[in-house]
file data10.pdb (PDB, C-alpha atoms)
MODEL        1
ATOM      1  CA  MET A   1      16.601   5.704  -0.937
ATOM      2  CA  ILE A   2      13.288   5.014  -2.637
ATOM      3  CA  ALA A   3      12.032   7.898  -4.749
ATOM      4  CA  GLU A   4      13.173   9.895  -1.747
ATOM      5  CA  ILE A   5      11.972  13.322  -2.826
ATOM      6  CA  THR A   6       8.527  12.190  -3.998
ATOM      7  CA  ILE A   7       7.883   9.964  -0.984
ATOM      8  CA  ALA A   8       9.042  12.637   1.455
ATOM      9  CA  LEU A   9       6.605  15.115  -0.082
ATOM     10  CA  ILE A  10       3.728  12.653  -0.095
ATOM     11  CA  MET A  11       4.343  11.504   3.475
ATOM     12  CA  ALA A  12       4.187  15.102   4.637
ATOM     13  CA  THR A  13       0.478  15.113   3.761
ATOM     14  CA  THR A  14      -2.240  13.635   5.951
ATOM     15  CA  PRO A  15      -3.530  10.209   4.793
ATOM     16  CA  MET A  16      -6.969  10.576   3.247
ATOM     17  CA  MET A  17     -10.000   8.397   2.774
ATOM     18  CA  ALA A  18     -11.181   7.691  -0.792
ATOM     19  CA  ASP A  19     -13.994  10.264  -0.460
ATOM     20  CA  ASP A  20     -11.443  13.026   0.212
ATOM     21  CA  TYR A  21      -9.172  12.110  -2.690
ATOM     22  CA  THR A  22      -8.146  14.505  -5.444
ATOM     23  CA  SER A  23      -4.944  14.248  -7.439
ATOM     24  CA  ASP A  24      -4.068  17.856  -6.654
ATOM     25  CA  SER A  25      -4.128  17.182  -2.906
ATOM     26  CA  GLN A  26      -1.174  14.775  -3.077
ATOM     27  CA  VAL A  27       2.026  16.782  -3.499
ATOM     28  CA  GLY A  28       4.282  15.133  -6.092
ATOM     29  CA  TYR A  29       1.666  12.534  -7.040
ATOM     30  CA  MET A  30      -0.243  12.186 -10.334
ATOM     31  CA  ASP A  31      -2.778   9.550 -11.398
ATOM     32  CA  GLY A  32      -1.199   6.801 -13.469
ATOM     33  CA  GLN A  33       2.305   7.818 -12.428
ATOM     34  CA  THR A  34       4.991   5.141 -12.367
ATOM     35  CA  GLN A  35       7.150   5.329  -9.256
ATOM     36  CA  THR A  36      10.013   3.323  -7.862
ATOM     37  CA  VAL A  37       8.746   2.042  -4.518
ATOM     38  CA  TRP A  38       9.896  -0.352  -1.811
ATOM     39  CA  VAL A  39       7.643  -3.416  -1.558
ATOM     40  CA  THR A  40       7.405  -5.752   1.408
ATOM     41  CA  GLU A  41       4.914  -8.436   2.434
ATOM     42  CA  TYR A  42       2.842  -9.208   5.498
ATOM     43  CA  CYS A  43       0.625 -12.165   6.385
ATOM     44  CA  PRO A  44      -1.828 -13.182   9.141
ATOM     45  CA  ALA A  45       1.064 -14.523  11.254
ATOM     46  CA  CYS A  46       3.008 -11.268  11.232
ATOM     47  CA  ASN A  47      -0.108  -9.040  11.259
ATOM     48  CA  SER A  48      -0.569  -9.804  14.932
ATOM     49  CA  PRO A  49      -2.908  -9.469  16.681
ATOM     50  CA  ALA A  50      -5.143  -8.476  13.756
ATOM     51  CA  GLY A  51      -4.546 -11.556  11.566
ATOM     52  CA  HIS A  52      -6.799 -10.847   8.594
ATOM     53  CA  GLY A  53      -8.011  -7.525  10.080
ATOM     54  CA  SER A  54      -7.250  -4.153   8.502
ATOM     55  CA  ALA A  55      -7.485  -0.446   9.317
ATOM     56  CA  THR A  56     -10.594  -0.170   7.122
ATOM     57  CA  GLY A  57     -12.295  -3.164   8.746
ATOM     58  CA  LYS A  58     -11.982  -5.202   5.526
ATOM     59  CA  TYR A  59     -11.037  -8.870   5.915
ATOM     60  CA  LEU A  60      -7.611  -9.015   4.245
ATOM     61  CA  THR A  61      -7.132 -11.327   1.250
ATOM     62  CA  ASP A  62      -4.692 -11.659  -1.647
ATOM     63  CA  GLY A  63      -4.772  -8.461  -3.698
ATOM     64  CA  ASP A  64      -4.866  -6.174  -0.643
ATOM     65  CA  CYS A  65      -2.012  -3.994   0.531
ATOM     66  CA  ALA A  66      -1.074  -1.471   3.192
ATOM     67  CA  CYS A  67       0.469   1.938   2.618
ATOM     68  CA  GLY A  68       0.964   4.922   4.871
ATOM     69  CA  TRP A  69       1.302   7.512   2.081
ATOM     70  CA  LEU A  70      -1.493   6.666  -0.383
ATOM     71  CA  PRO A  71      -5.225   7.279   0.106
ATOM     72  CA  MET A  72      -7.331   4.269   1.101
ATOM     73  CA  GLY A  73      -8.765   2.602  -1.982
ATOM     74  CA  SER A  74      -5.831   3.537  -4.220
ATOM     75  CA  VAL A  75      -4.788   0.850  -6.665
ATOM     76  CA  VAL A  76      -1.134  -0.096  -7.063
ATOM     77  CA  VAL A  77      -0.095  -2.135 -10.115
ATOM     78  CA  ILE A  78       3.093  -4.150  -9.598
ATOM     79  CA  ASP A  79       4.305  -6.652 -12.207
ATOM     80  CA  GLY A  80       0.872  -6.488 -13.875
ATOM     81  CA  LYS A  81      -1.041  -7.419 -10.691
ATOM     82  CA  GLU A  82      -3.393  -4.944  -9.008
ATOM     83  CA  TYR A  83      -3.361  -4.374  -5.246
ATOM     84  CA  THR A  84      -5.855  -2.187  -3.392
ATOM     85  CA  VAL A  85      -4.782  -0.066  -0.407
ATOM     86  CA  VAL A  86      -7.079  -1.138   2.466
ATOM     87  CA  ASP A  87      -4.645  -0.980   5.372
ATOM     88  CA  VAL A  88      -1.901   1.253   6.750
ATOM     89  CA  CYS A  89       1.698   0.492   7.647
ATOM     90  CA  GLY A  90       4.337   2.392   9.545
ATOM     91  CA  THR A  91       7.002   2.359   6.838
ATOM     92  CA  ASP A  92       7.633   4.015   3.478
ATOM     93  CA  ALA A  93       6.872   0.693   1.764
ATOM     94  CA  ILE A  94       3.850  -0.689   0.025
ATOM     95  CA  ASP A  95       3.160  -3.781   2.134
ATOM     96  CA  ILE A  96       1.441  -6.560   0.141
ATOM     97  CA  PHE A  97      -0.807  -8.946   2.064
ATOM     98  CA  VAL A  98      -0.054 -12.656   1.540
ATOM     99  CA  ASP A  99      -3.071 -14.779   2.500
ATOM    100  CA  ASP A 100      -1.640 -17.794   4.314
ATOM    101  CA  ASP A 101      -3.152 -19.486   7.338
ATOM    102  CA  SER A 102      -0.211 -21.752   8.213
ATOM    103  CA  GLY A 103       0.436 -19.781  11.405
ATOM    104  CA  VAL A 104       4.049 -19.254  10.336
ATOM    105  CA  CYS A 105       5.240 -16.072   8.672
ATOM    106  CA  VAL A 106       5.787 -16.746   4.960
ATOM    107  CA  CYS A 107       6.876 -13.235   3.983
ATOM    108  CA  ASP A 108      10.172 -12.869   2.191
ATOM    109  CA  ARG A 109       9.692 -10.070  -0.325
ATOM    110  CA  SER A 110      11.596  -6.859   0.266
ATOM    111  CA  GLU A 111      12.666  -5.078  -2.910
ATOM    112  CA  GLU A 112      12.475  -1.946  -5.015
ATOM    113  CA  VAL A 113      10.026  -2.215  -7.915
ATOM    114  CA  GLU A 114       8.321  -0.020 -10.484
ATOM    115  CA  ALA A 115       4.657   0.497  -9.610
ATOM    116  CA  VAL A 116       1.829   2.363 -11.324
ATOM    117  CA  ILE A 117      -0.275   4.287  -8.805
ATOM    118  CA  LEU A 118      -3.993   4.722  -9.644
ATOM    119  CA  PRO A 119      -6.651   6.698  -7.770
ATOM    120  CA  PRO A 120      -9.267   5.019  -5.580
ATOM    121  CA  ARG A 121     -12.063   3.354  -7.515
ATOM    122  CA  GLU A 122     -15.568   4.547  -6.831
TER     123      GLU A 122
ENDMDL
END

call {"tool": "encode", "arguments": {"input": "data10.pdb", "output": "structure tokens"}}
result
Amino acid sequence: MIAEITIALIMATTPMMADDYTSDSQVGYMDGQTQTVWVTEYCPACNSPAGHGSATGKYLTDGDCACGWLPMGSVVVIDGKEYTVVDVCGTDAIDIFVDDDSGVCVCDRSEEVEAVILPPRE
């Protein structure tokens, strides 16, 4: 189980928009904290019917991700690459968007990784 205690505590809170964000409002979460998280991928083909659409209305591109337990606008650093939370997903994972217009799902990543979680950028 992925950082089971921390994720369970965080998921018990209501997802927030960047304007509502404070570190103290996320139980078990601190800015700059490294966590073990489950990472998956999604693409326009498997993001049906939205394609490049997101919960925030942003057109999804590489560098975007979905998460159901972090505030919108949070930044997740995985393997030195930054991803911004602009979408939601229905799992405990951080779901990284892969920009591919082939019409065929190209997603194959599903693994535990170490990620640094940063607050939303103003």

call {"tool": "resolve_selection", "arguments": {"input": "data10.pdb", "expression": "the PyMOL selection byres ((chain A and resi 107) around 7)", "output": "VMD selection string"}}
result
chain A and resid 41 to 43 105 to 106 108 to 109

call {"tool": "resolve_selection", "arguments": {"input": "data10.pdb", "expression": "the PyMOL selection byres ((chain A and resi 40) around 7)", "output": "ChimeraX atom specification"}}
result
/A:38-39,41,93-96,109-111

call {"tool": "closest_residue", "arguments": {"input": "data10.pdb", "among": "A:Asp64, A:Asp99, A:Asp79, A:Asp87", "to": "Val116 in chain A", "atoms": "all atoms listed in the file"}}
result
A:Asp79

call {"tool": "closest_residue", "arguments": {"input": "data10.pdb", "among": "A:Val86, A:Val104, A:Leu60, A:Val76", "to": "Pro119 in chain A", "atoms": "all atoms listed in the file"}}
result
A:Val76

call {"tool": "atom_distance", "arguments": {"input": "data10.pdb", "atom1": "CA of Val88 in chain A", "atom2": "CA of Asp101 in chain A"}}
result
20.8 Å

call {"tool": "resolve_selection", "arguments": {"input": "data10.pdb", "expression": "the PyMOL selection byres ((chain A and resi 34) around 8)", "output": "VMD selection string"}}
result
chain A and resid 32 to 33 35 to 36 114 to 117

call {"tool": "closest_residue", "arguments": {"input": "data10.pdb", "among": "A:Glu112, A:Val98, A:Pro120, A:Lys81", "to": "Cys46 in chain A", "atoms": "only C-alpha atoms"}}
result
A:Val98

call {"tool": "closest_residue", "arguments": {"input": "data10.pdb", "among": "A:Val37, A:Met72, A:Ala66, A:His52", "to": "Arg121 in chain A", "atoms": "all atoms listed in the file"}}
result
A:Met72

call {"tool": "atom_distance", "arguments": {"input": "data10.pdb", "atom1": "CA of Gly68 in chain A", "atom2": "CA of Asp92 in chain A"}}
result
6.9 Å

call {"tool": "atom_distance", "arguments": {"input": "data10.pdb", "atom1": "CA of Tyr83 in chain A", "atom2": "CA of Gly63 in chain A"}}
result
4.6 Å

call {"tool": "axis_aligned_box", "arguments": {"input": "data10.pdb", "around": "range 83-88 of chain A", "padding_each_side": "8 Å", "output": "JSON"}}
result
{"center_x": -4.5, "center_y": -1.6, "center_z": 0.8, "size_x": 21.2, "size_y": 21.6, "size_z": 28.0}

call {"tool": "build_atoms", "arguments": {"input": "data10.pdb", "residues": "range 74-102 of chain A", "atoms": "N, CA and C atoms", "output": "PDB file, in the coordinates of the input"}}
result
ATOM      1  N   SER A  74      -6.723   3.395  -3.065  1.00  0.00           N
ATOM      2  CA  SER A  74      -5.831   3.537  -4.220  1.00  0.00           C
ATOM      3  C   SER A  74      -5.471   2.170  -4.753  1.00  0.00           C
ATOM      4  N   VAL A  75      -5.187   2.106  -6.033  1.00  0.00           N
ATOM      5  CA  VAL A  75      -4.788   0.850  -6.665  1.00  0.00           C
ATOM      6  C   VAL A  75      -3.330   0.969  -7.071  1.00  0.00           C
ATOM      7  N   VAL A  76      -2.554  -0.047  -6.740  1.00  0.00           N
ATOM      8  CA  VAL A  76      -1.134  -0.096  -7.063  1.00  0.00           C
ATOM      9  C   VAL A  76      -0.935  -1.293  -7.993  1.00  0.00           C
ATOM     10  N   VAL A  77      -0.345  -1.053  -9.163  1.00  0.00           N
ATOM     11  CA  VAL A  77      -0.095  -2.135 -10.115  1.00  0.00           C
ATOM     12  C   VAL A  77       1.394  -2.450 -10.085  1.00  0.00           C
ATOM     13  N   ILE A  78       1.709  -3.680  -9.689  1.00  0.00           N
ATOM     14  CA  ILE A  78       3.093  -4.150  -9.598  1.00  0.00           C
ATOM     15  C   ILE A  78       3.202  -5.438 -10.390  1.00  0.00           C
ATOM     16  N   ASP A  79       4.106  -5.465 -11.353  1.00  0.00           N
ATOM     17  CA  ASP A  79       4.305  -6.652 -12.207  1.00  0.00           C
ATOM     18  C   ASP A  79       2.988  -7.115 -12.830  1.00  0.00           C
ATOM     19  N   GLY A  80       2.130  -6.164 -13.214  1.00  0.00           N
ATOM     20  CA  GLY A  80       0.872  -6.488 -13.875  1.00  0.00           C
ATOM     21  C   GLY A  80      -0.255  -6.907 -12.951  1.00  0.00           C
ATOM     22  N   LYS A  81      -0.005  -7.024 -11.651  1.00  0.00           N
ATOM     23  CA  LYS A  81      -1.041  -7.419 -10.691  1.00  0.00           C
ATOM     24  C   LYS A  81      -1.502  -6.192  -9.910  1.00  0.00           C
ATOM     25  N   GLU A  82      -2.823  -6.068  -9.742  1.00  0.00           N
ATOM     26  CA  GLU A  82      -3.393  -4.944  -9.008  1.00  0.00           C
ATOM     27  C   GLU A  82      -3.554  -5.265  -7.529  1.00  0.00           C
ATOM     28  N   TYR A  83      -3.191  -4.296  -6.694  1.00  0.00           N
ATOM     29  CA  TYR A  83      -3.361  -4.374  -5.246  1.00  0.00           C
ATOM     30  C   TYR A  83      -4.128  -3.131  -4.807  1.00  0.00           C
ATOM     31  N   THR A  84      -5.062  -3.304  -3.886  1.00  0.00           N
ATOM     32  CA  THR A  84      -5.855  -2.187  -3.392  1.00  0.00           C
ATOM     33  C   THR A  84      -5.418  -1.833  -1.980  1.00  0.00           C
ATOM     34  N   VAL A  85      -5.193  -0.536  -1.730  1.00  0.00           N
ATOM     35  CA  VAL A  85      -4.782  -0.066  -0.407  1.00  0.00           C
ATOM     36  C   VAL A  85      -6.003  -0.088   0.522  1.00  0.00           C
ATOM     37  N   VAL A  86      -5.983  -1.012   1.493  1.00  0.00           N
ATOM     38  CA  VAL A  86      -7.079  -1.138   2.466  1.00  0.00           C
ATOM     39  C   VAL A  86      -6.567  -1.118   3.901  1.00  0.00           C
ATOM     40  N   ASP A  87      -5.257  -0.925   4.054  1.00  0.00           N
ATOM     41  CA  ASP A  87      -4.645  -0.980   5.372  1.00  0.00           C
ATOM     42  C   ASP A  87      -3.505   0.037   5.413  1.00  0.00           C
ATOM     43  N   VAL A  88      -3.022   0.329   6.601  1.00  0.00           N
ATOM     44  CA  VAL A  88      -1.901   1.253   6.750  1.00  0.00           C
ATOM     45  C   VAL A  88      -0.701   0.514   7.323  1.00  0.00           C
ATOM     46  N   CYS A  89       0.486   1.051   7.057  1.00  0.00           N
ATOM     47  CA  CYS A  89       1.698   0.492   7.647  1.00  0.00           C
ATOM     48  C   CYS A  89       2.572   1.642   8.112  1.00  0.00           C
ATOM     49  N   GLY A  90       3.507   1.354   8.949  1.00  0.00           N
ATOM     50  CA  GLY A  90       4.337   2.392   9.545  1.00  0.00           C
ATOM     51  C   GLY A  90       5.663   2.598   8.851  1.00  0.00           C
ATOM     52  N   THR A  91       5.754   2.186   7.581  1.00  0.00           N
ATOM     53  CA  THR A  91       7.002   2.359   6.838  1.00  0.00           C
ATOM     54  C   THR A  91       6.729   3.116   5.546  1.00  0.00           C
ATOM     55  N   ASP A  92       7.778   3.379   4.787  1.00  0.00           N
ATOM     56  CA  ASP A  92       7.633   4.015   3.478  1.00  0.00           C
ATOM     57  C   ASP A  92       7.259   3.009   2.394  1.00  0.00           C
ATOM     58  N   ALA A  93       7.115   1.752   2.745  1.00  0.00           N
ATOM     59  CA  ALA A  93       6.872   0.693   1.764  1.00  0.00           C
ATOM     60  C   ALA A  93       5.395   0.552   1.414  1.00  0.00           C
ATOM     61  N   ILE A  94       5.168  -0.150   0.323  1.00  0.00           N
ATOM     62  CA  ILE A  94       3.850  -0.689   0.025  1.00  0.00           C
ATOM     63  C   ILE A  94       3.932  -2.140   0.496  1.00  0.00           C
ATOM     64  N   ASP A  95       3.102  -2.488   1.461  1.00  0.00           N
ATOM     65  CA  ASP A  95       3.160  -3.781   2.134  1.00  0.00           C
ATOM     66  C   ASP A  95       2.054  -4.670   1.572  1.00  0.00           C
ATOM     67  N   ILE A  96       2.412  -5.685   0.809  1.00  0.00           N
ATOM     68  CA  ILE A  96       1.441  -6.560   0.141  1.00  0.00           C
ATOM     69  C   ILE A  96       1.029  -7.686   1.087  1.00  0.00           C
ATOM     70  N   PHE A  97      -0.301  -7.889   1.192  1.00  0.00           N
ATOM     71  CA  PHE A  97      -0.807  -8.946   2.064  1.00  0.00           C
ATOM     72  C   PHE A  97      -0.726 -10.292   1.354  1.00  0.00           C
ATOM     73  N   VAL A  98      -0.152 -11.282   2.033  1.00  0.00           N
ATOM     74  CA  VAL A  98      -0.054 -12.656   1.540  1.00  0.00           C
ATOM     75  C   VAL A  98      -0.998 -13.501   2.387  1.00  0.00           C
ATOM     76  N   ASP A  99      -2.055 -14.023   1.772  1.00  0.00           N
ATOM     77  CA  ASP A  99      -3.071 -14.779   2.500  1.00  0.00           C
ATOM     78  C   ASP A  99      -2.595 -16.207   2.735  1.00  0.00           C
ATOM     79  N   ASP A 100      -2.159 -16.477   3.949  1.00  0.00           N
ATOM     80  CA  ASP A 100      -1.640 -17.794   4.314  1.00  0.00           C
ATOM     81  C   ASP A 100      -2.028 -18.063   5.757  1.00  0.00           C
ATOM     82  N   ASP A 101      -2.686 -19.164   5.990  1.00  0.00           N
ATOM     83  CA  ASP A 101      -3.152 -19.486   7.338  1.00  0.00           C
ATOM     84  C   ASP A 101      -2.322 -20.570   8.019  1.00  0.00           C
ATOM     85  N   SER A 102      -1.054 -20.711   7.630  1.00  0.00           N
ATOM     86  CA  SER A 102      -0.211 -21.752   8.213  1.00  0.00           C
ATOM     87  C   SER A 102       0.178 -21.440   9.658  1.00  0.00           C
TER      88      SER A 102
END
